[in-house]
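Participant: My structure is stored as final09.cif, with mmCIF, C-alpha atoms.
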```
data_start
loop_
_atom_site.label_atom_id
_atom_site.label_comp_id
_atom_site.auth_asym_id
_atom_site.auth_seq_id
_atom_site.Cartn_x
_atom_site.Cartn_y
_atom_site.Cartn_z
CA MET A 1 0.00 0.00 0.00
CA GLN A 2 1.35 3.42 -0.97
CA THR A 3 1.56 5.93 1.88
CA ASN A 4 2.16 9.68 1.95
CA PHE A 5 3.36 10.52 5.43
CA THR A 6 5.61 13.59 5.54
CA PRO A 7 9.19 13.38 6.81
CA GLN A 8 8.10 15.39 9.84
CA GLN A 9 5.32 12.88 10.59
CA LEU A 10 7.73 9.98 10.32
CA GLU A 11 9.84 11.45 13.11
CA ASN A 12 7.00 10.27 15.37
CA PRO A 13 7.79 6.63 16.30
CA GLY A 14 4.10 5.69 16.31
CA LEU A 15 3.49 7.05 12.83
CA ALA A 16 6.72 5.52 11.57
CA ARG A 17 5.47 2.14 12.82
CA ALA A 18 2.06 2.74 11.21
CA ASN A 19 3.77 3.59 7.93
CA ASP A 20 5.72 0.32 7.96
CA ILE A 21 2.58 -1.70 8.67
CA LEU A 22 0.47 0.06 6.04
CA ARG A 23 3.14 -0.42 3.38
CA SER A 24 3.11 -4.17 3.97
CA CYS A 25 -0.60 -4.44 3.06
CA VAL A 26 -1.28 -5.49 -0.54
CA HIS A 27 -5.11 -5.15 -0.50
CA CYS A 28 -5.51 -8.90 -1.11
CA GLY A 29 -8.60 -9.27 1.10
CA PHE A 30 -7.72 -12.67 2.58
CA CYS A 31 -8.37 -11.11 5.97
CA THR A 32 -12.07 -10.72 5.20
CA ALA A 33 -12.54 -14.50 5.09
CA THR A 34 -11.72 -14.91 8.79
CA CYS A 35 -12.92 -11.58 10.23
CA PRO A 36 -15.89 -12.23 12.57
CA THR A 37 -17.42 -8.76 12.26
CA TYR A 38 -17.23 -8.82 8.47
CA GLN A 39 -18.92 -12.22 8.40
CA ILE A 40 -21.76 -10.97 10.59
CA LEU A 41 -22.18 -7.41 9.29
CA GLY A 42 -21.06 -7.79 5.66
CA ASP A 43 -19.63 -4.26 5.57
CA GLU A 44 -16.18 -3.78 4.02
CA LEU A 45 -15.45 -1.13 6.65
CA ASP A 46 -16.02 -3.78 9.33
CA SER A 47 -13.20 -5.90 7.88
CA PRO A 48 -9.48 -5.46 8.59
CA ARG A 49 -8.90 -4.17 5.07
CA GLY A 50 -11.64 -1.57 5.42
CA ARG A 51 -10.41 -0.46 8.83
CA ILE A 52 -6.87 -0.18 7.47
CA TYR A 53 -8.10 2.33 4.85
CA LEU A 54 -9.90 4.34 7.53
CA ILE A 55 -6.88 4.33 9.84
CA LYS A 56 -4.52 5.28 7.01
CA ASP A 57 -6.67 8.25 6.04
CA MET A 58 -6.98 9.42 9.65
CA LEU A 59 -3.29 9.13 10.55
CA GLU A 60 -1.84 10.24 7.22
CA ASN A 61 -3.91 13.42 7.17
CA ASP A 62 -3.22 14.02 10.87
CA ARG A 63 -6.88 14.73 11.52
CA PRO A 64 -9.04 14.11 14.57
CA ALA A 65 -10.98 10.86 14.48
CA ASP A 66 -14.50 11.19 13.11
CA GLU A 67 -17.65 9.31 14.07
CA LYS A 68 -17.46 6.96 11.09
CA THR A 69 -13.88 5.87 11.79
CA VAL A 70 -14.57 5.47 15.50
CA LYS A 71 -17.66 3.34 14.83
CA HIS A 72 -15.80 0.81 12.70
CA VAL A 73 -12.60 0.70 14.77
CA ASP A 74 -14.69 0.22 17.92
CA ARG A 75 -16.37 -2.76 16.28
CA CYS A 76 -13.00 -4.52 15.87
CA LEU A 77 -12.64 -7.38 18.35
CA SER A 78 -8.83 -7.46 18.11
CA CYS A 79 -9.27 -11.22 17.69
CA LEU A 80 -6.28 -11.05 15.30
CA ALA A 81 -7.59 -13.81 13.04
CA CYS A 82 -6.56 -11.50 10.21
CA MET A 83 -2.93 -11.78 11.29
CA SER A 84 -3.06 -15.57 11.07
CA THR A 85 -4.57 -15.31 7.59
CA CYS A 86 -2.54 -12.46 6.09
CA PRO A 87 0.08 -13.71 3.57
CA SER A 88 1.95 -10.39 3.77
CA GLY A 89 2.50 -10.33 7.52
CA VAL A 90 0.58 -7.11 8.17
CA HIS A 91 0.87 -6.45 11.93
CA TYR A 92 -2.72 -5.34 12.34
CA MET A 93 -2.55 -5.51 16.15
CA HIS A 94 -0.03 -2.68 16.41
CA LEU A 95 -1.88 -0.63 13.80
CA VAL A 96 -5.28 -0.80 15.47
CA ASP A 97 -3.69 -0.05 18.84
CA LEU A 98 -2.18 3.12 17.35
CA ALA A 99 -5.58 4.03 15.94
CA ARG A 100 -7.27 3.58 19.30
CA GLU A 101 -4.70 5.80 20.96
CA HIS A 102 -5.30 8.49 18.33
CA ILE A 103 -9.06 8.17 18.82
CA GLU A 104 -8.72 8.51 22.59
CA GLN A 105 -6.65 11.67 22.15
CA THR A 106 -8.71 13.40 19.43
CA TYR A 107 -12.34 12.23 19.61
CA LYS A 108 -14.90 13.28 22.22
CA ARG A 109 -17.28 10.39 22.73
CA PRO A 110 -20.89 10.80 23.85
CA LEU A 111 -21.17 11.23 27.61
CA SER A 112 -22.68 7.78 28.20
CA ASP A 113 -19.84 6.13 26.30
CA ARG A 114 -17.20 8.12 28.17
CA LEU A 115 -18.75 7.18 31.51
CA MET A 116 -18.96 3.51 30.55
CA ARG A 117 -15.30 3.36 29.53
CA TRP A 118 -14.20 5.30 32.59
CA MET A 119 -16.10 2.90 34.82
CA LEU A 120 -14.66 -0.22 33.18
CA ALA A 121 -11.12 1.14 33.44
CA ARG A 122 -11.63 1.95 37.13
CA ILE A 123 -13.27 -1.35 38.13
CA LEU A 124 -12.23 -4.40 36.09
CA PRO A 125 -8.44 -4.23 36.69
CA TYR A 126 -8.98 -4.07 40.47
CA PRO A 127 -10.26 -7.35 42.00
CA LYS A 128 -11.65 -5.80 45.19
CA ARG A 129 -13.56 -3.12 43.30
CA PHE A 130 -14.71 -5.73 40.79
CA ARG A 131 -16.18 -7.88 43.55
CA VAL A 132 -18.09 -4.90 44.96
CA ALA A 133 -19.35 -4.04 41.48
CA ILE A 134 -20.66 -7.59 41.02
CA LEU A 135 -22.58 -7.29 44.28
CA GLY A 136 -24.07 -4.06 42.91
CA ALA A 137 -25.04 -5.86 39.71
CA TRP A 138 -26.94 -8.47 41.72
CA ILE A 139 -28.89 -5.70 43.43
CA GLY A 140 -29.63 -4.02 40.11
CA ARG A 141 -30.88 -7.09 38.24
CA PRO A 142 -34.58 -6.62 39.17
CA PHE A 143 -34.41 -3.26 37.37
CA LYS A 144 -32.63 -4.59 34.29
CA GLY A 145 -35.52 -3.85 31.91
CA LEU A 146 -35.31 -0.13 32.67
CA LEU A 147 -31.66 0.18 31.68
CA PRO A 148 -29.92 0.89 28.31
CA SER A 149 -28.52 -2.11 26.43
CA LYS A 150 -24.91 -1.60 27.53
CA LEU A 151 -25.84 -1.41 31.19
CA ARG A 152 -28.00 -4.51 30.76
CA ALA A 153 -24.91 -6.23 29.33
CA LEU A 154 -23.04 -5.33 32.52
CA LEU A 155 -25.73 -7.01 34.62
CA ASP A 156 -25.73 -10.07 32.37
CA PHE A 157 -21.95 -10.33 32.66
CA ALA A 158 -22.04 -10.59 36.46
CA PRO A 159 -21.76 -14.25 37.57
CA ALA A 160 -24.40 -15.88 39.74
CA SER A 161 -21.87 -16.39 42.54
CA LEU A 162 -18.37 -15.35 43.58
CA PRO A 163 -15.63 -17.62 44.91
CA PRO A 164 -13.93 -16.83 48.22
CA VAL A 165 -10.73 -14.80 47.94
CA SER A 166 -7.76 -17.15 47.42
CA ARG A 167 -4.76 -16.40 49.58
CA ASN A 168 -2.65 -18.15 46.92
CA ASP A 169 -2.92 -14.90 44.96
CA ASP A 170 -1.00 -12.99 47.66
CA ALA A 171 2.67 -12.20 47.08
CA GLN A 172 4.67 -15.23 48.24
CA VAL A 173 6.87 -18.15 47.15
CA PHE A 174 5.61 -21.72 46.76
CA ALA A 175 8.38 -24.30 47.06
CA ALA A 176 8.76 -26.99 44.42
CA ILE A 177 7.73 -30.49 45.48
CA GLY A 178 10.87 -32.55 45.07
CA PRO A 179 14.03 -31.29 43.33
CA ARG A 180 13.59 -27.82 41.84
CA LYS A 181 13.72 -27.80 38.03
CA LYS A 182 12.55 -24.27 37.35
CA ARG A 183 11.81 -21.00 39.14
CA ILE A 184 8.70 -19.43 37.67
CA ALA A 185 6.76 -16.24 38.36
CA LEU A 186 2.99 -16.58 38.11
CA MET A 187 0.96 -13.66 36.83
CA THR A 188 -2.21 -13.84 38.95
CA GLY A 189 -4.06 -11.23 36.89
CA CYS A 190 -6.94 -9.00 37.94
CA ALA A 191 -10.50 -9.93 36.91
CA GLN A 192 -9.63 -13.62 37.13
CA LYS A 193 -8.86 -13.25 40.84
CA ALA A 194 -12.45 -12.12 41.38
CA LEU A 195 -14.25 -14.40 38.94
CA ASN A 196 -12.45 -17.75 39.20
CA THR A 197 -9.79 -18.52 41.81
CA ASP A 198 -9.64 -22.20 40.77
CA ILE A 199 -7.40 -21.39 37.80
CA ASN A 200 -4.45 -19.92 39.70
CA ASP A 201 -4.83 -22.57 42.41
CA ALA A 202 -4.60 -25.36 39.81
CA THR A 203 -1.66 -23.66 38.09
CA ILE A 204 0.32 -23.47 41.32
CA ARG A 205 -0.44 -27.10 42.21
CA ILE A 206 0.58 -28.60 38.86
CA LEU A 207 3.75 -26.54 38.57
CA ARG A 208 4.86 -27.41 42.11
CA ARG A 209 4.21 -31.13 41.59
CA HIS A 210 6.41 -31.07 38.52
CA GLY A 211 9.41 -29.41 40.09
CA CYS A 212 8.72 -25.69 39.79
CA GLU A 213 9.18 -23.09 42.48
CA VAL A 214 6.33 -20.64 41.92
CA VAL A 215 6.71 -16.96 42.79
CA VAL A 216 3.84 -14.48 43.06
CA ALA A 217 5.90 -11.29 42.82
CA LYS A 218 5.13 -8.39 45.11
CA GLY A 219 3.69 -5.49 43.10
CA SER A 220 2.56 -7.50 40.07
CA GLY A 221 -1.07 -7.36 38.97
CA CYS A 222 -3.15 -6.34 35.96
CA CYS A 223 -1.26 -6.60 32.66
CA GLY A 224 -2.71 -3.33 31.31
CA ALA A 225 -4.50 -4.90 28.35
CA LEU A 226 -7.91 -3.48 29.21
CA THR A 227 -6.83 0.18 29.16
CA HIS A 228 -4.33 -0.48 26.36
CA HIS A 229 -7.11 -1.60 24.02
CA MET A 230 -9.17 1.46 24.97
CA GLY A 231 -6.34 3.69 23.75
CA LYS A 232 -5.55 4.87 27.29
CA THR A 233 -1.82 4.51 26.77
CA SER A 234 -0.54 6.37 29.83
CA GLU A 235 -2.75 4.26 32.11
CA SER A 236 -1.86 0.95 30.48
CA HIS A 237 1.87 1.71 30.52
CA ALA A 238 1.75 2.70 34.19
CA THR A 239 0.10 -0.62 35.01
CA ALA A 240 2.51 -2.60 32.85
CA ALA A 241 5.50 -0.82 34.35
CA LYS A 242 4.54 -2.12 37.82
CA ASN A 243 4.69 -5.67 36.49
CA ILE A 244 7.98 -5.09 34.74
CA ARG A 245 9.59 -3.75 37.92
CA ALA A 246 8.10 -6.51 40.08
CA TRP A 247 9.31 -9.31 37.80
CA MET A 248 12.70 -7.72 37.18
CA ALA A 249 13.27 -7.69 40.93
CA GLU A 250 12.91 -11.48 40.80
CA VAL A 251 15.07 -11.77 37.68
CA GLU A 252 17.84 -9.77 39.31
CA GLY A 253 17.40 -11.62 42.61
CA GLU A 254 17.22 -15.40 42.47
CA GLY A 255 16.41 -15.40 38.76
CA LEU A 256 13.43 -16.64 36.73
CA ASP A 257 13.14 -19.32 34.09
CA ALA A 258 9.76 -18.04 32.92
CA ILE A 259 6.84 -15.78 33.70
CA VAL A 260 3.81 -18.02 33.33
CA ILE A 261 0.45 -16.57 32.31
CA ASN A 262 -2.79 -18.56 32.35
CA THR A 263 -5.03 -15.90 30.80
CA SER A 264 -4.13 -15.74 27.14
CA GLY A 265 -5.46 -12.21 26.65
CA CYS A 266 -2.93 -11.07 29.25
CA GLY A 267 -0.22 -13.22 27.71
CA THR A 268 -0.54 -11.55 24.33
CA THR A 269 -0.06 -8.15 25.95
CA VAL A 270 2.84 -9.12 28.23
CA LYS A 271 4.65 -10.70 25.28
CA ASP A 272 4.27 -7.31 23.55
CA TYR A 273 5.74 -5.26 26.42
CA GLY A 274 9.03 -5.06 24.55
CA HIS A 275 7.29 -3.28 21.67
CA MET A 276 5.09 -1.14 23.91
CA PHE A 277 8.10 0.21 25.82
CA ARG A 278 10.56 0.30 22.92
CA ASN A 279 10.98 4.09 23.17
CA GLU A 280 10.76 4.39 26.95
CA PRO A 281 13.31 4.17 29.80
CA LEU A 282 12.15 0.64 30.70
CA SER A 283 12.79 -0.68 27.18
CA ARG A 284 15.55 -3.11 28.20
CA GLU A 285 13.61 -4.48 31.16
CA ALA A 286 10.39 -4.74 29.14
CA ALA A 287 12.19 -6.75 26.45
CA ILE A 288 13.53 -9.15 29.10
CA VAL A 289 10.05 -9.63 30.57
CA SER A 290 8.53 -10.24 27.13
CA GLY A 291 11.23 -12.80 26.44
CA LEU A 292 10.40 -14.67 29.65
CA ALA A 293 6.60 -14.61 29.21
CA ARG A 294 5.05 -18.02 28.52
CA ASP A 295 1.53 -19.33 28.33
CA ILE A 296 0.92 -22.08 30.86
CA SER A 297 0.56 -24.59 28.00
CA GLU A 298 4.09 -23.77 26.78
CA VAL A 299 5.57 -24.35 30.24
CA LEU A 300 3.66 -27.60 30.83
CA ARG A 301 4.73 -28.92 27.43
CA ASP A 302 8.36 -28.36 28.38
CA LEU A 303 7.85 -30.12 31.73
CA GLU A 304 6.82 -33.37 29.95
CA LEU A 305 3.77 -34.31 32.03
CA PRO A 306 2.98 -38.00 32.61
CA ALA A 307 0.58 -39.61 30.15
CA GLY A 308 -2.85 -41.14 30.44
CA GLY A 309 -4.10 -40.23 33.91
CA ALA A 310 -7.38 -38.60 32.86
CA SER A 311 -10.88 -39.91 33.47
CA PRO A 312 -12.65 -40.84 30.19
CA MET A 313 -14.13 -37.56 29.09
CA ARG A 314 -14.99 -35.87 25.79
CA VAL A 315 -13.41 -32.41 25.89
CA ALA A 316 -14.31 -29.71 23.39
CA TYR A 317 -11.30 -27.45 23.06
CA HIS A 318 -12.11 -23.78 22.48
CA ALA A 319 -9.11 -21.98 21.02
CA ALA A 320 -9.03 -18.47 22.49
CA CYS A 321 -8.22 -15.89 19.82
CA SER A 322 -5.48 -14.32 21.93
CA LEU A 323 -3.81 -17.73 22.17
CA GLN A 324 -4.14 -19.07 18.62
CA HIS A 325 -3.83 -15.75 16.76
CA GLY A 326 -2.19 -13.37 19.24
CA GLN A 327 0.48 -15.84 20.40
CA GLN A 328 0.29 -18.39 17.57
CA ILE A 329 -0.12 -21.24 20.08
CA LYS A 330 -2.40 -23.64 18.27
CA THR A 331 -1.48 -27.22 19.11
CA ALA A 332 0.13 -27.33 22.57
CA PRO A 333 -3.09 -27.24 24.68
CA LYS A 334 -4.76 -29.93 22.57
CA GLU A 335 -1.67 -32.13 22.60
CA LEU A 336 -1.41 -31.82 26.39
CA LEU A 337 -5.06 -32.80 26.86
CA ARG A 338 -4.74 -35.80 24.53
CA HIS A 339 -1.50 -36.86 26.21
CA ALA A 340 -3.32 -36.74 29.55
CA GLY A 341 -5.92 -39.19 28.21
CA PHE A 342 -8.85 -36.95 27.29
CA GLU A 343 -10.76 -37.31 24.03
CA VAL A 344 -10.31 -33.90 22.39
CA VAL A 345 -12.75 -32.56 19.80
CA GLU A 346 -13.03 -29.14 18.16
CA PRO A 347 -15.97 -27.09 16.86
CA ALA A 348 -16.50 -26.48 13.17
CA ASP A 349 -15.35 -22.85 13.51
CA PRO A 350 -12.19 -23.07 15.65
CA HIS A 351 -10.74 -19.82 14.28
CA LEU A 352 -13.81 -17.65 15.00
CA CYS A 353 -14.12 -15.44 18.08
CA CYS A 354 -16.66 -16.16 20.81
CA GLY A 355 -17.35 -12.44 21.22
CA SER A 356 -15.74 -11.89 24.62
CA ALA A 357 -12.61 -10.00 23.53
CA GLY A 358 -11.81 -8.25 26.79
CA THR A 359 -14.49 -5.61 27.31
CA TYR A 360 -16.00 -6.07 23.85
CA ASN A 361 -19.02 -7.99 25.11
CA LEU A 362 -19.78 -5.05 27.39
CA LEU A 363 -19.15 -2.27 24.85
CA GLN A 364 -20.62 -4.04 21.78
CA PRO A 365 -23.17 -6.42 23.35
CA GLU A 366 -25.29 -6.96 20.22
CA ILE A 367 -22.41 -8.15 18.02
CA ALA A 368 -20.88 -10.09 20.91
CA GLY A 369 -24.21 -11.82 21.49
CA GLN A 370 -24.39 -12.99 17.88
CA LEU A 371 -20.85 -14.34 18.02
CA LYS A 372 -21.55 -16.12 21.30
CA ALA A 373 -24.65 -17.79 19.85
CA ARG A 374 -22.63 -19.07 16.89
CA LYS A 375 -19.83 -20.37 19.04
CA VAL A 376 -22.13 -22.06 21.56
CA ALA A 377 -24.07 -23.74 18.74
CA THR A 378 -20.96 -25.20 17.13
CA LEU A 379 -19.67 -26.41 20.50
CA ALA A 380 -23.01 -28.02 21.35
CA ALA A 381 -23.02 -29.80 17.98
CA ILE A 382 -20.02 -31.93 18.98
CA ARG A 383 -21.70 -33.05 22.24
CA PRO A 384 -18.86 -32.55 24.73
CA ASP A 385 -18.81 -33.54 28.39
CA VAL A 386 -16.82 -30.42 29.15
CA ILE A 387 -15.46 -27.39 27.30
CA ALA A 388 -11.80 -26.41 27.86
CA ALA A 389 -10.39 -22.94 27.21
CA GLY A 390 -7.29 -20.98 28.15
CA ASN A 391 -8.80 -17.55 28.76
CA ILE A 392 -11.16 -16.41 31.53
CA GLY A 393 -13.08 -14.05 29.22
CA CYS A 394 -13.94 -16.86 26.82
CA MET A 395 -14.92 -19.10 29.72
CA ILE A 396 -17.39 -16.54 31.08
CA GLN A 397 -18.77 -15.73 27.62
CA ILE A 398 -19.34 -19.34 26.55
CA GLY A 399 -20.46 -20.44 29.99
CA SER A 400 -23.23 -17.85 30.00
CA GLY A 401 -24.76 -19.42 26.89
CA ASN A 402 -24.80 -23.16 27.61
CA ASP A 403 -25.11 -25.76 30.38
CA VAL A 404 -21.89 -27.69 29.66
CA PRO A 405 -19.15 -26.98 32.23
CA VAL A 406 -16.46 -24.62 30.89
CA ILE A 407 -13.12 -25.26 32.58
CA HIS A 408 -9.62 -23.91 32.12
CA THR A 409 -7.27 -26.31 30.37
CA VAL A 410 -4.85 -26.20 33.30
CA GLU A 411 -7.56 -27.43 35.72
CA LEU A 412 -8.12 -30.54 33.61
CA LEU A 413 -4.39 -31.18 33.33
CA ASP A 414 -3.94 -30.68 37.07
CA TRP A 415 -6.70 -33.23 37.73
CA ALA A 416 -5.24 -35.73 35.25
CA THR A 417 -1.80 -35.53 36.88
CA GLY A 418 -2.79 -35.95 40.51
CA GLY A 419 -4.67 -32.82 41.48
CA PRO A 420 -8.28 -32.57 42.69
CA LYS A 421 -11.31 -32.77 40.43
CA PRO A 422 -12.15 -29.28 39.08
CA PRO A 423 -14.85 -27.68 41.26
CA ALA A 424 -16.82 -26.68 38.17
CA LEU A 425 -17.53 -30.38 37.49
CA PHE A 426 -19.30 -30.63 40.84
CA ARG A 427 -21.37 -27.54 40.08
#
```
Would you kindly transcribe this structure into structure tokens?

Facilitator:
Amino acid sequence: MQTNFTPQQLENPGLARANDILRSCVHCGFCTATCPTYQILGDELDSPRGRIYLIKDMLENDRPADEKTVKHVDRCLSCLACMSTCPSGVHYMHLVDLAREHIEQTYKRPLSDRLMRWMLARILPYPKRFRVAILGAWIGRPFKGLLPSKLRALLDFAPASLPPVSRNDDAQVFAAIGPRKKRIALMTGCAQKALNTDINDATIRILRRHGCEVVVAKGSGCCGALTHHMGKTSESHATAAKNIRAWMAEVEGEGLDAIVINTSGCGTTVKDYGHMFRNEPLSREAAIVSGLARDISEVLRDLELPAGGASPMRVAYHAACSLQHGQQIKTAPKELLRHAGFEVVEPADPHLCCGSAGTYNLLQPEIAGQLKARKVATLAAIRPDVIAAGNIGCMIQIGSGNDVPVIHTVELLDWATGGPKPPALFR
């Protein structure tokens, strides 16, 4: 794609990066075949190619974002299926992130939208606040019919119950059981600590049993993805910087073999810290952290878990977009489940998003609802005993639309290798 940025514009590192990405696009349109919003809406501007044209025009002409551009960029899930499909290697993720930052800086949203985004940024990354907000949602449910659609989506998102706070999420060190093979930092996350404490508990158990010392670093927390994808760059970088400093203290202390992440949406962001901080004082440290970041499936694959301990069970594997497209991890979780003795099946549309996408199901509930219905239908068609996924957002989204238990992959692997039966199977 031909671009016309001025030399002065290209002195801006963000615009220079946008220029490189735009020039790699050859207009081929392969991205439209796997874009969920294009498949549902049928509008070229709701495809990656269409959004690229809108972003190019906005950035190249150095103009404030307009309503049309904002509408179509907001509808992007950042599922990144386009990046798996693109034969030219267009790094759409970095481009749309630049666009969202420009929109945040130049476009004044309607008051209701501004309030909604402010509220999400102030609640979801903070587990204690999130728990209080869920209690408020329970109180507000009888009045759901009186509320606008986005507020109704907030009430629908709230789970029917909350688990007790897990003290395993506190800063501490868990000794390896037996000889220590690895020293690993666990990212405990933010929303996950409020919604499902079983995931971190299972992660700690399985790593310890297989020779890992597990560190929950003091000062680590939310990865910053939520505010990053809203274009709130200063907020997301401040959050990410806390993690970088917390983990680097461990690297420079006793050392780390990996930083394990069991929420793939967070993993995609942490693995991108090196790029996010490339022009900032923490660039060296951010690059080290990104280099150490691993999805839990990558770490467990390297630990060579024992085979065949699972109860006979038909497991439908849901590939989270942030895992299969954002991190290009496509086979490891399925191979681990099969190796453990589970029968693994996949839906007919494994590459399509479930509609969760961070806060997308709260900000775009109508489109997210259509995607959820499609995903739930294809999962139900293969008649699983349980659905496995590697991302808390997907688990909540899919679980709200069907009666089959939705369990994190690591919980099943923990169970198959000597851990307790996942609590969700009792529920």

Participant: When distances are computed from only C-alpha atoms, which of A:Val132, A:Leu412, A:Val251, A:Ala381 shows the smallest separation from Ala310 (chain A)?

Facilitator: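 Counting only C-alpha atoms, the residue closest to Ala310 (chain A) is A:Leu412.
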
Participant: I would like the residues chosen by the PyMOL selection byres ((chain A and resi 213-221) around 9) on the shown file; could you give them as a PyMOL selection string?

Facilitator: chain A and resi 125-126+168-177+180-190+204+207-208+211-212+222-224+239-240+242-247+249-250

Participant: Please produce a file of the residues just selected, as a PDB file, keeping the file's coordinate frame, where the atoms kept are C-alpha atoms.

Facilitator:
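Heads up, here's the output in out_24.pdb:
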```pdb
ATOM      1  CA  PRO A 125      -8.440  -4.230  36.690  1.00  0.00           C
ATOM      2  CA  TYR A 126      -8.980  -4.070  40.470  1.00  0.00           C
ATOM      3  CA  ASN A 168      -2.650 -18.150  46.920  1.00  0.00           C
ATOM      4  CA  ASP A 169      -2.920 -14.900  44.960  1.00  0.00           C
ATOM      5  CA  ASP A 170      -1.000 -12.990  47.660  1.00  0.00           C
ATOM      6  CA  ALA A 171       2.670 -12.200  47.080  1.00  0.00           C
ATOM      7  CA  GLN A 172       4.670 -15.230  48.240  1.00  0.00           C
ATOM      8  CA  VAL A 173       6.870 -18.150  47.150  1.00  0.00           C
ATOM      9  CA  PHE A 174       5.610 -21.720  46.760  1.00  0.00           C
ATOM     10  CA  ALA A 175       8.380 -24.300  47.060  1.00  0.00           C
ATOM     11  CA  ALA A 176       8.760 -26.990  44.420  1.00  0.00           C
ATOM     12  CA  ILE A 177       7.730 -30.490  45.480  1.00  0.00           C
ATOM     13  CA  ARG A 180      13.590 -27.820  41.840  1.00  0.00           C
ATOM     14  CA  LYS A 181      13.720 -27.800  38.030  1.00  0.00           C
ATOM     15  CA  LYS A 182      12.550 -24.270  37.350  1.00  0.00           C
ATOM     16  CA  ARG A 183      11.810 -21.000  39.140  1.00  0.00           C
ATOM     17  CA  ILE A 184       8.700 -19.430  37.670  1.00  0.00           C
ATOM     18  CA  ALA A 185       6.760 -16.240  38.360  1.00  0.00           C
ATOM     19  CA  LEU A 186       2.990 -16.580  38.110  1.00  0.00           C
ATOM     20  CA  MET A 187       0.960 -13.660  36.830  1.00  0.00           C
ATOM     21  CA  THR A 188      -2.210 -13.840  38.950  1.00  0.00           C
ATOM     22  CA  GLY A 189      -4.060 -11.230  36.890  1.00  0.00           C
ATOM     23  CA  CYS A 190      -6.940  -9.000  37.940  1.00  0.00           C
ATOM     24  CA  ILE A 204       0.320 -23.470  41.320  1.00  0.00           C
ATOM     25  CA  LEU A 207       3.750 -26.540  38.570  1.00  0.00           C
ATOM     26  CA  ARG A 208       4.860 -27.410  42.110  1.00  0.00           C
ATOM     27  CA  GLY A 211       9.410 -29.410  40.090  1.00  0.00           C
ATOM     28  CA  CYS A 212       8.720 -25.690  39.790  1.00  0.00           C
ATOM     29  CA  CYS A 222      -3.150  -6.340  35.960  1.00  0.00           C
ATOM     30  CA  CYS A 223      -1.260  -6.600  32.660  1.00  0.00           C
ATOM     31  CA  GLY A 224      -2.710  -3.330  31.310  1.00  0.00           C
ATOM     32  CA  THR A 239       0.100  -0.620  35.010  1.00  0.00           C
ATOM     33  CA  ALA A 240       2.510  -2.600  32.850  1.00  0.00           C
ATOM     34  CA  LYS A 242       4.540  -2.120  37.820  1.00  0.00           C
ATOM     35  CA  ASN A 243       4.690  -5.670  36.490  1.00  0.00           C
ATOM     36  CA  ILE A 244       7.980  -5.090  34.740  1.00  0.00           C
ATOM     37  CA  ARG A 245       9.590  -3.750  37.920  1.00  0.00           C
ATOM     38  CA  ALA A 246       8.100  -6.510  40.080  1.00  0.00           C
ATOM     39  CA  TRP A 247       9.310  -9.310  37.800  1.00  0.00           C
ATOM     40  CA  ALA A 249      13.270  -7.690  40.930  1.00  0.00           C
ATOM     41  CA  GLU A 250      12.910 -11.480  40.800  1.00  0.00           C
TER      42      GLU A 250
END
```

Participant: A:Cys82, A:Ser112, A:Pro405, A:Val270: which is nearest Ala241 (chain A), counting only C-alpha atoms?

Facilitator: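 Of A:Cys82, A:Ser112, A:Pro405, A:Val270, the one nearest Ala241 (chain A) is A:Val270, counting only C-alpha atoms.
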
Participant: Step by step, work through what the PyMOL selection byres ((chain A and resi 230) around 8) selects in the shown file, and finish by giving those residues as a PyMOL selection string.

Facilitator: chain A and resi 100-101+104+117+226-229+231-232

Participant: Could you tell me how far CA of Leu147 (chain A) sits from CA of Gln39 (chain A), in Å to one decimal place?

Facilitator: 29.3 Å

Participant: Given the PyMOL selection byres ((chain A and resi 160) around 12) and the file above, list the residues it selects as a list in words.

Facilitator: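 Taken over the shown coordinates, the PyMOL selection byres ((chain A and resi 160) around 12) returns Ile134, Leu135, Ala137, Trp138, Ile139, Arg141, Leu155, Asp156, Phe157, Ala158, Pro159, Ser161, Leu162, Pro163, Leu195, Ile396, Gly399 and Ser400 of chain A.
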
Participant: Of the candidates A:Lys56, A:Cys35, A:Thr417, A:Asp46, which shows the shortest atom-to-atom distance to Thr3 (chain A), using only C-alpha atoms?

Facilitator: A:Lys56

Participant: Which polymer residues, protein or nucleic acid, are no farther than 9 Å from (-17.0, -3.5, 14.0), counting all atoms listed in the file, as a PyMOL selection string?

Facilitator: chain A and resi 36-38+41+43+45-47+51+71-77+364+367
